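Participant: This is the structure I want to talk about, given as structure tokens.
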Amino acid sequence: MSFPDIVPDLKARMPQLRGRLLANQPLGEFTWFRVGGPAQVLFMPDDENDLAYFLRNLPAAIPVTTIGAGSNLIVRDGGVAGVVVRLGRGFNEVSIEADHRVVAGSAMLDVMVARAAQNAGIAGLAFLSGIPGTIGGALRMNGGAYGGETKDILIEARGVDRQGNIRSFSNSQMGFSYRHCGIADDVIFTTALLQGRPGEPEAIAAEMAAIKDKRAASQPRNRTGGSTFKNPPGHSAWKLVDEAGCRGLKVGQAQVSELHSNFLISLDGASAADIERLGETVRARVQAHCGIELEWEIKRIGVSA
Ligand SMILES: Cc1cc2nc3c(=O)[nH]c(=O)nc-3n(C[C@H](O)[C@H](O)[C@H](O)COP(=O)(O)OP(=O)(O)OC[C@H]3O[C@@H](n4cnc5c(N)ncnc54)[C@H](O)[C@@H]3O)c2cc1C
């Protein structure tokens, strides 16, 4: 399936645009599941000003969706109408500031930020090393692991809103809760100012190595989207999935991981529809088994084929 090509029209409206605009660009390769349809337009801005210029001049009726490393994402097989923004060069700087603070561009991988902090003797950010997304995704999802969450280390985030205004959001304005951020979905985060504390590089490195070992033993690291469902209050999603008999369950070419029952896997030839149908089957079985309705943690974007 392909969408009408609106790239020539957008280029004509935005003569000063520096970033790349591509029509009907497949998105599967940008996601961990490696499935899904194209973006009507994929936009890779050069820097924050370029992104702001683009959004200011983009007709209001055209929807905008942001993707990071695609580690928490199902792109449906019919693709995503409108513009998909993917940040890259120009958004992947990390710098160490006074008072154990770190400024990170939102395209930067969490693990790279954790490593920069570790090298600088800044503790408190090691948990990021276990999350395979970008800083933008960590802000949007309030990513967390092993007792740390993005909300615990964020001082301030910067972003661009749909009207093209560059804005700052303090920690309290972010409206963080479990795997959720309260800022409007169409705000694209560009940088984060993070607060760490003094630490010993060797001790932080040991903490990161322990996280890596635990992950390797307990989670699949290939063609998955991480935790599929949020933990309902007082419960572990993986236990509920297990108790409903869904570990290893297959729908089409998608399977509940044998290693971690809250992880779904896309096998060779899987479609996004297979993965989503599997997730819905699990939700229905858990609901029937214990009456609890699981909520998707994985974000699903686009339309069915
Ligand atoms: C093996 C594995 C293990 C995982 N373990 C964990 C874990 O321990 N803890 C945890 O919290 N998560 C975990 N995840 C899930 C995932 O890594 C996190 O949710 C991560 O923060 C998503 O970042 P991303 O860049 O991949 O975002 P994407 O998956 O690309 O997008 C996720 C959401 O963030 C939004 N987004 C991305 N970038 C921006 C931006 N710049 N501005 C605004 N919105 C943006 C997207 O629109 C989307 O709504 C795991 C995933 C995998 C595959």
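As shown in the structure tokens, the chain order sets the letters A, B, ...; within each chain, residues go from 1, and ligands are also counted from 1 in the order they appear.
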Env of stretch 48-60 of chain A: 7 Å cut, atoms = only C-alpha atoms, seq-sep filter 5 positions within chain, self excluded. Answer as an MDAnalysis selection string.
Facilitator: chainID A and resid 14 17:19 160 162:166 190
Participant: Neighbours of ligand 1 at 8 Å or closer, counting only C-alpha atoms and all ligand atoms: which residues, as an MDAnalysis selection string?
Facilitator: chainID A and resid 31:32 65:73 86:87 106:107 109 130:146 149 159 179 185:190 215 219:227 297:299
Participant: Using DSSP on the backbone, list every residue of stretch 91-204 of chain A that comes out as alpha helix (DSSP H), and give them as a PyMOL selection string.
Facilitator: chain A and resi 110-119+135-141+150-153+201-204
Participant: Since we have the selection now, will you write its residues out, keeping C-alpha atoms, as a compact mmCIF listing (two decimals), in the first residue's frame?
Facilitator:
# COMPACT_ATOMS: atom_id res chain seq x y z
CA ASP A 110 19.71 5.78 26.74
CA VAL A 111 22.68 3.43 27.08
CA MET A 112 25.05 6.03 25.60
CA VAL A 113 23.83 8.60 28.11
CA ALA A 114 24.30 6.10 30.95
CA ARG A 115 27.85 5.44 29.71
CA ALA A 116 28.71 9.15 29.44
CA ALA A 117 27.49 9.66 33.00
CA GLN A 118 29.44 6.63 34.22
CA ASN A 119 32.67 7.90 32.61
CA ILE A 135 16.03 9.79 25.50
CA GLY A 136 12.93 11.06 23.61
CA GLY A 137 11.25 7.70 24.17
CA ALA A 138 12.31 7.69 27.83
CA LEU A 139 10.68 11.10 28.32
CA ARG A 140 7.46 10.07 26.58
CA MET A 141 7.22 6.69 28.35
CA THR A 150 13.06 9.01 34.09
CA LYS A 151 10.97 11.16 36.41
CA ASP A 152 13.57 10.65 39.17
CA ILE A 153 16.40 12.23 37.15
CA PRO A 201 33.08 5.16 37.73
CA GLU A 202 34.08 1.56 38.65
CA ALA A 203 31.08 1.08 40.93
CA ILE A 204 28.70 2.50 38.31
Participant: Looking only at the backbone, which of the residues in stretch 228-283 of chain A does DSSP tag as strand (DSSP E or B), as a list in words?
Facilitator: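 The strand (DSSP E or B) residues within stretch 228-283 of chain A come out as Phe229, Lys250, Val251, Ala254, Gln255, Val256, Phe263, Leu264, Ile265 and Ser266 of chain A.
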Participant: Counting only C-alpha atoms, what is within 12 Å of A:Gly245, bar same-chain residues fewer than 6 positions away, as a ChimeraX atom specification?
Facilitator: /A:238-239,256,258,261,281-286,288-290
Participant: Work out how far apart atom CA of A:Ile6 and atom CA of A:Ile62 are and give it in Å to one decimal.
Facilitator: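 Computing it gives 10.4 Å between the two atoms.
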Participant: Quick one: residues within 10 Å of A:Asp99, only C-alpha atoms counted, chain neighbours fewer than 2 positions away excluded, as an NGL selection string?
Facilitator: :A and (96-97 or 101-102 or 122 or 195-198)
Participant: Next, the residues of the selection above should be written as a tab-separated table (two decimals), in the first residue's frame with N, CA and C atoms.
Facilitator:
chain	number	residue	atom	x	y	z
A	96	ILE	N	28.35	16.86	29.65
A	96	ILE	CA	28.40	16.82	31.11
A	96	ILE	C	28.49	18.26	31.61
A	97	GLU	N	27.62	18.60	32.53
A	97	GLU	CA	27.57	19.97	33.06
A	97	GLU	C	28.00	19.96	34.53
A	101	ARG	N	25.27	17.18	36.40
A	101	ARG	CA	24.13	17.24	35.48
A	101	ARG	C	24.58	16.80	34.09
A	102	VAL	N	23.60	16.27	33.34
A	102	VAL	CA	23.88	15.79	31.98
A	102	VAL	C	22.82	16.36	31.05
A	122	ILE	N	29.23	10.07	37.38
A	122	ILE	CA	27.89	10.54	37.78
A	122	ILE	C	27.00	9.31	37.98
A	195	GLN	N	19.65	15.10	36.20
A	195	GLN	CA	20.42	15.30	37.43
A	195	GLN	C	20.91	13.96	37.97
A	196	GLY	N	22.24	13.86	38.12
A	196	GLY	CA	22.81	12.68	38.77
A	196	GLY	C	23.37	13.07	40.13
A	197	ARG	N	24.24	12.20	40.67
A	197	ARG	CA	24.89	12.49	41.95
A	197	ARG	C	26.31	11.92	41.87
A	198	PRO	N	27.18	12.35	42.76
A	198	PRO	CA	28.56	11.87	42.68
A	198	PRO	C	28.63	10.34	42.82
Participant: Using only C-alpha atoms, which of the listed residues (A:Ile74, A:Val83, A:Leu10, A:Leu125) sits closest to A:His100?
Facilitator: A:Leu125
Participant: A:Gln287, A:Ser95, A:Asn262, A:Gln253: which is nearest A:Phe33, counting only C-alpha atoms?
Facilitator: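 Going through A:Gln287, A:Ser95, A:Asn262, A:Gln253 one by one, the smallest distance to A:Phe33 is for A:Gln253.
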Participant: Name all residues at most 12 Å from A:Ala272 (count only C-alpha atoms; drop same-chain ones fewer than 4 positions away) and give them as a PyMOL selection string.
Facilitator: chain A and resi 27-28+31-37+73-79+223-225+251-254+264-268+276-279+300-305
Participant: If you measure from atom CA of A:Ile275 to atom CA of A:Glu293, what distance in Å do you get, rounded to one decimal?
Facilitator: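 Computing it gives 18.2 Å between the two atoms.
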Participant: Nearest to A:Gly105: which of A:Ser257, A:Asn231, A:Thr191, A:Ser236 is it, counting only C-alpha atoms?
Facilitator: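 Ranked by minimum distance to A:Gly105, first place goes to A:Thr191.
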Participant: Between atom CA of A:Pro63 and atom CA of A:Gln25, measure the distance and give it in Å to one decimal.
Facilitator: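 These two atoms are separated by 16.0 Å.
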